[in-house]
Amino acid sequence: MAYFKLGDDCMTPAIKLHDLTVAYDRRPAVHHIKGDFPSGELTAITGPNGAGKSTLLKAIAGILPVFEGSIEFCGLTRKDMAYLPQAADLQTDFPISVLQMVTSGFWQTSNGFQKITSAQKEKAIEALRVAGLIGFDNRTLDSLSAGQFQRALFARVLVQDARLILLDEPFTSIDTATTEAFLDVIKLWHKEKRTVICVLHDFEQIKTNFTDCLLIARECIAWGKSQEVLSPENLLGARFFREVSHNKH
Amino acid sequence: MRRALVACITMATSAAPLGVFLVSRRMTLMGDAASHAILPGAALAFIISGVSLWPMTIGGLVAGLLMAVVAGVVTRITSLREDASFTAAYLTSLAIGVMIISIKGSTVDLLHVLFGNVLAVDNDSLKLINSITTVSLLTLAIIYRPLIMECFDSGFLKVQQGRGAIYHHLFLILVVLNLVASFQALGTLMAVGIMVLPAIATKFWTKSIDNAIGLSMLFGVVASITGLLLSYHYNLPSGPAIVLTASAWYLVSIFLGLSGGILIRFFPRKHFH
């Protein structure tokens, strides 16, 4: 019924959604979505609260099961994916160091069992530098502020060097300067033809930095180029849609 | 006495790292529940074949794992929270166990099962304990990093390799295995003591899980040896003596611990610039 398909190298899209429904307890959070995420582009997923944005991202990442329909990955496997979760999903006071968390990003290559090489350690420290956390290697996670924790998570994604990058609200708790730094990294990823899918709330930010946008309110409201998708009519439609479906229950 | 010493040292070494994980994941209650749940299985085996090693061990293992599974399932398919579900499970199994022994056994039997009788550990028991602890330590070494990842960010493992729950289940099995190994010496009521108390004490000495594992083994072994010697020389029951020694160290750590202890607050070091 619900499954991942590995299509062969399709033309442009990186991911195809085939009539996708993801549900909690049979209540659909993502309802009958179909469409393509273009390969090598920056796609933002946005919509009102409870719209199913994180759920959709988690289903793509493989963390949540698909209820109906399927997700097709074109020329990509699980090994090519990096996922940035929301900090709220993690146990942030677990007694490991920042460096240990960031170097876990080498999981695919080190297989979770081999020793971390000094080259990998250097890469991790460099990633921390890009994320604005110089000298934080040996700090334990519980000593970090929300913003620092978020930046450390981003450093882990940097280290994974993935072709498909999924970011769930990466700018939460982060100041403007760091947000700009992260956006620069995302732009670099675009130049490197990596596919980036990012859940965001800030429409202006999306219009300025992201080529494509999926506006979702449980179902797909609009999907295409950001400027067209984030039109006032569509945004109003998203809000209206959500309030109507609230009344149904 | 020598056998008792060896048994306690190996049990402490093997159980302590698991205790560190239990504490870090806030699962100490579950560990406690598992140790009580072993009782009905061991009690049934005792009824059927007397105080005999293998039946009691297997009975205890089955009962412990069954309780963990039932409580986990109840949590998942009903709205009951995990702590309530485990508490209900372990109270039920403890009562069943005590009932069985009270009906069919003597008071001494009951005391031994509840509180342990480490001096009764014979060569066969020792071999069993040693095998369990060896397997446990090896397994833990192998799954160490995935287990840490599974505790801290279970989604990460799911993305990387499509499954993380197996490490959680393996961990639970190791916990029950170690509790079964220690219950002969410490009894079901306190088998979890040697697993959890040294680990709790390490919280006041270090913030890193790697250090905590080594330290907890050290604390556990020292507590076991000290407790055993005290019980031998002063004719005290061994199980409680060992656990009390571990508790004493825990209390000392609260005061003297270098990382979060109370006394160290009176000697503040200069802040960094």
# chains A, B, ... in the order shown; residues from 1 in each chain; ligands from 1
>>> interface_residues(of="chain A", to="chain B", cutoff="9 Å", atoms="only C-alpha atoms", output="MDAnalysis selection string")
chainID A and resid 58 61:63 78:79 81:85 89:97 101 104 107:108 112:113 140
>>> write_last_selection(atoms="C-alpha atoms", output="compact mmCIF listing (two decimals), in the first residue's frame")
# COMPACT_ATOMS: atom_id res chain seq x y z
CA LYS A 58 9.40 13.57 7.91
CA ALA A 61 13.00 11.59 5.30
CA GLY A 62 11.57 8.19 6.11
CA ILE A 63 10.79 8.93 9.73
CA ARG A 78 18.66 7.16 1.69
CA LYS A 79 22.42 7.60 1.85
CA MET A 81 19.85 12.47 2.35
CA ALA A 82 20.48 14.80 5.27
CA TYR A 83 17.65 15.85 7.57
CA LEU A 84 17.61 18.72 10.04
CA PRO A 85 14.96 18.03 12.70
CA ASP A 89 12.18 16.36 18.75
CA LEU A 90 15.49 15.68 20.43
CA GLN A 91 16.67 15.05 23.96
CA THR A 92 18.72 18.21 24.24
CA ASP A 93 20.29 17.43 27.61
CA PHE A 94 21.85 14.14 26.60
CA PRO A 95 25.39 13.97 27.98
CA ILE A 96 27.45 14.07 24.80
CA SER A 97 29.65 16.84 23.49
CA MET A 101 27.02 15.15 17.92
CA SER A 104 27.79 11.59 14.03
CA TRP A 107 27.50 7.95 10.10
CA GLN A 108 27.29 6.74 6.52
CA GLY A 112 28.52 4.10 13.32
CA PHE A 113 31.26 1.77 14.54
CA THR A 140 28.05 19.36 26.45
>>> select_by_dssp(residues="range 132-193 of chain A", states="alpha helix (DSSP H)", output="PyMOL selection string")
chain A and resi 146-160+176-191
>>> write_last_selection(atoms="C-alpha atoms", output="short mmCIF file (atom, residue, chain, number, x, y, z; two decimals), in the first residue's frame")
data_model
loop_
_atom_site.label_atom_id
_atom_site.label_comp_id
_atom_site.auth_asym_id
_atom_site.auth_seq_id
_atom_site.Cartn_x
_atom_site.Cartn_y
_atom_site.Cartn_z
CA ALA A 146 18.42 27.14 21.92
CA GLY A 147 20.15 29.12 19.19
CA GLN A 148 23.50 27.42 19.76
CA PHE A 149 21.85 24.01 19.71
CA GLN A 150 20.14 24.85 16.45
CA ARG A 151 23.47 25.95 14.96
CA ALA A 152 25.13 22.73 16.10
CA LEU A 153 22.38 20.75 14.34
CA PHE A 154 23.06 22.75 11.19
CA ALA A 155 26.76 21.93 11.50
CA ARG A 156 25.85 18.24 11.52
CA VAL A 157 23.96 18.70 8.26
CA LEU A 158 26.95 20.50 6.76
CA VAL A 159 29.18 17.58 7.62
CA GLN A 160 26.89 15.07 5.92
CA THR A 176 19.65 37.66 11.79
CA ALA A 177 23.41 37.47 11.29
CA THR A 178 23.47 33.68 11.62
CA THR A 179 20.35 33.36 9.46
CA GLU A 180 22.17 35.26 6.74
CA ALA A 181 25.19 32.98 7.14
CA PHE A 182 22.98 29.91 6.80
CA LEU A 183 21.22 31.35 3.79
CA ASP A 184 24.64 31.84 2.22
CA VAL A 185 25.35 28.16 2.78
CA ILE A 186 22.01 27.25 1.21
CA LYS A 187 22.83 29.44 -1.79
CA LEU A 188 26.16 27.62 -2.07
CA TRP A 189 24.31 24.32 -2.04
CA HIS A 190 22.18 25.63 -4.88
CA LYS A 191 25.31 26.44 -6.87
#
>>> closest_residue(among="B:Tyr250, B:Phe171, B:Phe183, B:Phe86", to="Gly60 in chain B", atoms="only C-alpha atoms")
B:Phe183
>>> residues_around(residues="Phe37 in chain A", least_positions_apart="4", cutoff="7 Å", atoms="only C-alpha atoms", output="list in words")
Pro13, Ala14, Ile15 and Lys16 of chain A
>>> residues_around(residues="Met190 in chain B", least_positions_apart="3", cutoff="9 Å", atoms="only C-alpha atoms", output="number ranges by chain")
B: 32, 35-36, 114-116, 182-183, 186-187, 193-194, 239-240, 243
>>> residues_around(residues="Phe203 in chain A", least_positions_apart="6", cutoff="12 Å", atoms="only C-alpha atoms", output="PyMOL selection string")
chain A and resi 44-48+209-210+212-215+226-232+235
>>> write_last_selection(atoms="C-alpha atoms", output="mmCIF file, in the first residue's frame")
data_model
loop_
_atom_site.group_PDB
_atom_site.id
_atom_site.type_symbol
_atom_site.label_atom_id
_atom_site.label_comp_id
_atom_site.auth_asym_id
_atom_site.auth_seq_id
_atom_site.Cartn_x
_atom_site.Cartn_y
_atom_site.Cartn_z
ATOM 1 C CA ALA A 44 10.355 25.960 0.456
ATOM 2 C CA ILE A 45 7.373 24.263 2.104
ATOM 3 C CA THR A 46 5.147 26.705 3.887
ATOM 4 C CA GLY A 47 1.640 27.108 5.190
ATOM 5 C CA PRO A 48 -0.273 27.824 8.375
ATOM 6 C CA ASN A 209 15.941 33.131 -1.407
ATOM 7 C CA PHE A 210 13.981 30.137 -2.643
ATOM 8 C CA ASP A 212 10.260 27.128 -5.701
ATOM 9 C CA CYS A 213 7.566 26.916 -3.095
ATOM 10 C CA LEU A 214 4.910 24.423 -2.021
ATOM 11 C CA LEU A 215 2.053 26.093 -0.182
ATOM 12 C CA SER A 226 7.758 31.228 -5.194
ATOM 13 C CA GLN A 227 6.628 34.573 -6.572
ATOM 14 C CA GLU A 228 3.545 33.003 -8.162
ATOM 15 C CA VAL A 229 2.721 30.620 -5.320
ATOM 16 C CA LEU A 230 2.920 33.233 -2.575
ATOM 17 C CA SER A 231 0.324 35.511 -4.134
ATOM 18 C CA PRO A 232 -2.222 37.152 -1.832
ATOM 19 C CA LEU A 235 -2.275 32.843 0.987
#
>>> decode(residues="range 49-90 of chain B", atoms="N, CA and C atoms", output="PDB file, in the first residue's frame")
ATOM      1  N   SER B  49      10.855 -26.709  40.250  1.00  0.00           N
ATOM      2  CA  SER B  49      12.077 -27.499  40.391  1.00  0.00           C
ATOM      3  C   SER B  49      12.991 -27.051  41.514  1.00  0.00           C
ATOM      4  N   GLY B  50      12.439 -26.368  42.502  1.00  0.00           N
ATOM      5  CA  GLY B  50      13.260 -25.991  43.639  1.00  0.00           C
ATOM      6  C   GLY B  50      14.316 -24.957  43.284  1.00  0.00           C
ATOM      7  N   VAL B  51      15.254 -24.781  44.210  1.00  0.00           N
ATOM      8  CA  VAL B  51      16.264 -23.744  43.986  1.00  0.00           C
ATOM      9  C   VAL B  51      17.295 -24.256  42.991  1.00  0.00           C
ATOM     10  N   SER B  52      16.928 -24.190  41.725  1.00  0.00           N
ATOM     11  CA  SER B  52      17.825 -24.736  40.713  1.00  0.00           C
ATOM     12  C   SER B  52      18.123 -23.657  39.694  1.00  0.00           C
ATOM     13  N   LEU B  53      19.356 -23.572  39.295  1.00  0.00           N
ATOM     14  CA  LEU B  53      19.851 -22.412  38.564  1.00  0.00           C
ATOM     15  C   LEU B  53      19.132 -22.131  37.256  1.00  0.00           C
ATOM     16  N   TRP B  54      19.197 -23.092  36.328  1.00  0.00           N
ATOM     17  CA  TRP B  54      18.713 -22.793  34.981  1.00  0.00           C
ATOM     18  C   TRP B  54      17.217 -22.494  34.902  1.00  0.00           C
ATOM     19  N   PRO B  55      16.383 -23.295  35.550  1.00  0.00           N
ATOM     20  CA  PRO B  55      14.949 -22.970  35.482  1.00  0.00           C
ATOM     21  C   PRO B  55      14.653 -21.586  36.047  1.00  0.00           C
ATOM     22  N   MET B  56      15.291 -21.257  37.171  1.00  0.00           N
ATOM     23  CA  MET B  56      14.994 -19.948  37.760  1.00  0.00           C
ATOM     24  C   MET B  56      15.489 -18.829  36.852  1.00  0.00           C
ATOM     25  N   THR B  57      16.627 -19.043  36.250  1.00  0.00           N
ATOM     26  CA  THR B  57      17.157 -18.011  35.364  1.00  0.00           C
ATOM     27  C   THR B  57      16.253 -17.813  34.154  1.00  0.00           C
ATOM     28  N   ILE B  58      15.895 -18.930  33.527  1.00  0.00           N
ATOM     29  CA  ILE B  58      15.060 -18.814  32.333  1.00  0.00           C
ATOM     30  C   ILE B  58      13.682 -18.263  32.704  1.00  0.00           C
ATOM     31  N   GLY B  59      13.143 -18.757  33.833  1.00  0.00           N
ATOM     32  CA  GLY B  59      11.853 -18.244  34.290  1.00  0.00           C
ATOM     33  C   GLY B  59      11.910 -16.745  34.507  1.00  0.00           C
ATOM     34  N   GLY B  60      12.966 -16.298  35.178  1.00  0.00           N
ATOM     35  CA  GLY B  60      13.121 -14.869  35.442  1.00  0.00           C
ATOM     36  C   GLY B  60      13.254 -14.073  34.158  1.00  0.00           C
ATOM     37  N   LEU B  61      14.035 -14.609  33.232  1.00  0.00           N
ATOM     38  CA  LEU B  61      14.251 -13.924  31.955  1.00  0.00           C
ATOM     39  C   LEU B  61      12.944 -13.765  31.202  1.00  0.00           C
ATOM     40  N   VAL B  62      12.209 -14.872  31.097  1.00  0.00           N
ATOM     41  CA  VAL B  62      10.937 -14.823  30.361  1.00  0.00           C
ATOM     42  C   VAL B  62       9.987 -13.824  31.008  1.00  0.00           C
ATOM     43  N   ALA B  63       9.889 -13.895  32.355  1.00  0.00           N
ATOM     44  CA  ALA B  63       8.967 -12.994  33.046  1.00  0.00           C
ATOM     45  C   ALA B  63       9.363 -11.540  32.844  1.00  0.00           C
ATOM     46  N   GLY B  64      10.667 -11.252  32.973  1.00  0.00           N
ATOM     47  CA  GLY B  64      11.139  -9.876  32.824  1.00  0.00           C
ATOM     48  C   GLY B  64      10.869  -9.339  31.437  1.00  0.00           C
ATOM     49  N   LEU B  65      11.199 -10.135  30.415  1.00  0.00           N
ATOM     50  CA  LEU B  65      10.987  -9.684  29.046  1.00  0.00           C
ATOM     51  C   LEU B  65       9.503  -9.540  28.734  1.00  0.00           C
ATOM     52  N   LEU B  66       8.713 -10.495  29.261  1.00  0.00           N
ATOM     53  CA  LEU B  66       7.272 -10.437  29.031  1.00  0.00           C
ATOM     54  C   LEU B  66       6.693  -9.146  29.586  1.00  0.00           C
ATOM     55  N   MET B  67       7.117  -8.810  30.816  1.00  0.00           N
ATOM     56  CA  MET B  67       6.605  -7.589  31.429  1.00  0.00           C
ATOM     57  C   MET B  67       6.989  -6.371  30.608  1.00  0.00           C
ATOM     58  N   ALA B  68       8.252  -6.340  30.151  1.00  0.00           N
ATOM     59  CA  ALA B  68       8.695  -5.182  29.365  1.00  0.00           C
ATOM     60  C   ALA B  68       7.868  -5.062  28.091  1.00  0.00           C
ATOM     61  N   VAL B  69       7.603  -6.208  27.453  1.00  0.00           N
ATOM     62  CA  VAL B  69       6.827  -6.198  26.215  1.00  0.00           C
ATOM     63  C   VAL B  69       5.388  -5.764  26.481  1.00  0.00           C
ATOM     64  N   VAL B  70       4.766  -6.383  27.510  1.00  0.00           N
ATOM     65  CA  VAL B  70       3.367  -6.060  27.801  1.00  0.00           C
ATOM     66  C   VAL B  70       3.213  -4.580  28.133  1.00  0.00           C
ATOM     67  N   ALA B  71       4.092  -4.092  29.017  1.00  0.00           N
ATOM     68  CA  ALA B  71       3.979  -2.689  29.408  1.00  0.00           C
ATOM     69  C   ALA B  71       4.195  -1.781  28.202  1.00  0.00           C
ATOM     70  N   GLY B  72       5.161  -2.135  27.355  1.00  0.00           N
ATOM     71  CA  GLY B  72       5.413  -1.330  26.165  1.00  0.00           C
ATOM     72  C   GLY B  72       4.220  -1.328  25.229  1.00  0.00           C
ATOM     73  N   VAL B  73       3.619  -2.514  25.046  1.00  0.00           N
ATOM     74  CA  VAL B  73       2.460  -2.614  24.158  1.00  0.00           C
ATOM     75  C   VAL B  73       1.282  -1.810  24.707  1.00  0.00           C
ATOM     76  N   VAL B  74       1.053  -1.952  26.013  1.00  0.00           N
ATOM     77  CA  VAL B  74      -0.060  -1.205  26.618  1.00  0.00           C
ATOM     78  C   VAL B  74       0.137   0.291  26.401  1.00  0.00           C
ATOM     79  N   THR B  75       1.384   0.749  26.576  1.00  0.00           N
ATOM     80  CA  THR B  75       1.652   2.173  26.358  1.00  0.00           C
ATOM     81  C   THR B  75       1.315   2.580  24.938  1.00  0.00           C
ATOM     82  N   ARG B  76       1.671   1.706  23.979  1.00  0.00           N
ATOM     83  CA  ARG B  76       1.525   2.092  22.589  1.00  0.00           C
ATOM     84  C   ARG B  76       0.088   2.024  22.114  1.00  0.00           C
ATOM     85  N   ILE B  77      -0.678   1.030  22.588  1.00  0.00           N
ATOM     86  CA  ILE B  77      -2.014   0.896  22.001  1.00  0.00           C
ATOM     87  C   ILE B  77      -3.109   1.519  22.867  1.00  0.00           C
ATOM     88  N   THR B  78      -2.762   1.986  24.072  1.00  0.00           N
ATOM     89  CA  THR B  78      -3.787   2.694  24.833  1.00  0.00           C
ATOM     90  C   THR B  78      -3.266   4.098  25.121  1.00  0.00           C
ATOM     91  N   SER B  79      -4.061   4.877  25.822  1.00  0.00           N
ATOM     92  CA  SER B  79      -3.637   6.244  26.099  1.00  0.00           C
ATOM     93  C   SER B  79      -2.831   6.306  27.392  1.00  0.00           C
ATOM     94  N   LEU B  80      -2.556   5.120  27.986  1.00  0.00           N
ATOM     95  CA  LEU B  80      -1.836   5.117  29.256  1.00  0.00           C
ATOM     96  C   LEU B  80      -0.374   5.490  29.047  1.00  0.00           C
ATOM     97  N   ARG B  81       0.153   6.335  29.938  1.00  0.00           N
ATOM     98  CA  ARG B  81       1.539   6.756  29.840  1.00  0.00           C
ATOM     99  C   ARG B  81       2.471   5.635  30.272  1.00  0.00           C
ATOM    100  N   GLU B  82       3.718   5.742  29.851  1.00  0.00           N
ATOM    101  CA  GLU B  82       4.662   4.657  30.084  1.00  0.00           C
ATOM    102  C   GLU B  82       4.887   4.385  31.563  1.00  0.00           C
ATOM    103  N   ASP B  83       5.026   5.418  32.368  1.00  0.00           N
ATOM    104  CA  ASP B  83       5.351   5.174  33.780  1.00  0.00           C
ATOM    105  C   ASP B  83       4.206   4.468  34.484  1.00  0.00           C
ATOM    106  N   ALA B  84       2.980   4.863  34.192  1.00  0.00           N
ATOM    107  CA  ALA B  84       1.833   4.210  34.826  1.00  0.00           C
ATOM    108  C   ALA B  84       1.737   2.759  34.374  1.00  0.00           C
ATOM    109  N   SER B  85       1.962   2.556  33.091  1.00  0.00           N
ATOM    110  CA  SER B  85       1.850   1.210  32.550  1.00  0.00           C
ATOM    111  C   SER B  85       2.882   0.277  33.175  1.00  0.00           C
ATOM    112  N   PHE B  86       4.112   0.752  33.310  1.00  0.00           N
ATOM    113  CA  PHE B  86       5.160  -0.071  33.917  1.00  0.00           C
ATOM    114  C   PHE B  86       4.888  -0.324  35.385  1.00  0.00           C
ATOM    115  N   THR B  87       4.415   0.701  36.088  1.00  0.00           N
ATOM    116  CA  THR B  87       4.119   0.522  37.511  1.00  0.00           C
ATOM    117  C   THR B  87       3.047  -0.534  37.702  1.00  0.00           C
ATOM    118  N   ALA B  88       2.004  -0.458  36.901  1.00  0.00           N
ATOM    119  CA  ALA B  88       0.936  -1.454  37.011  1.00  0.00           C
ATOM    120  C   ALA B  88       1.494  -2.846  36.743  1.00  0.00           C
ATOM    121  N   ALA B  89       2.312  -2.952  35.711  1.00  0.00           N
ATOM    122  CA  ALA B  89       2.863  -4.254  35.343  1.00  0.00           C
ATOM    123  C   ALA B  89       3.729  -4.818  36.465  1.00  0.00           C
ATOM    124  N   TYR B  90       4.594  -3.991  37.034  1.00  0.00           N
ATOM    125  CA  TYR B  90       5.515  -4.559  38.009  1.00  0.00           C
ATOM    126  C   TYR B  90       4.842  -4.847  39.337  1.00  0.00           C
TER     127      TYR B  90
END
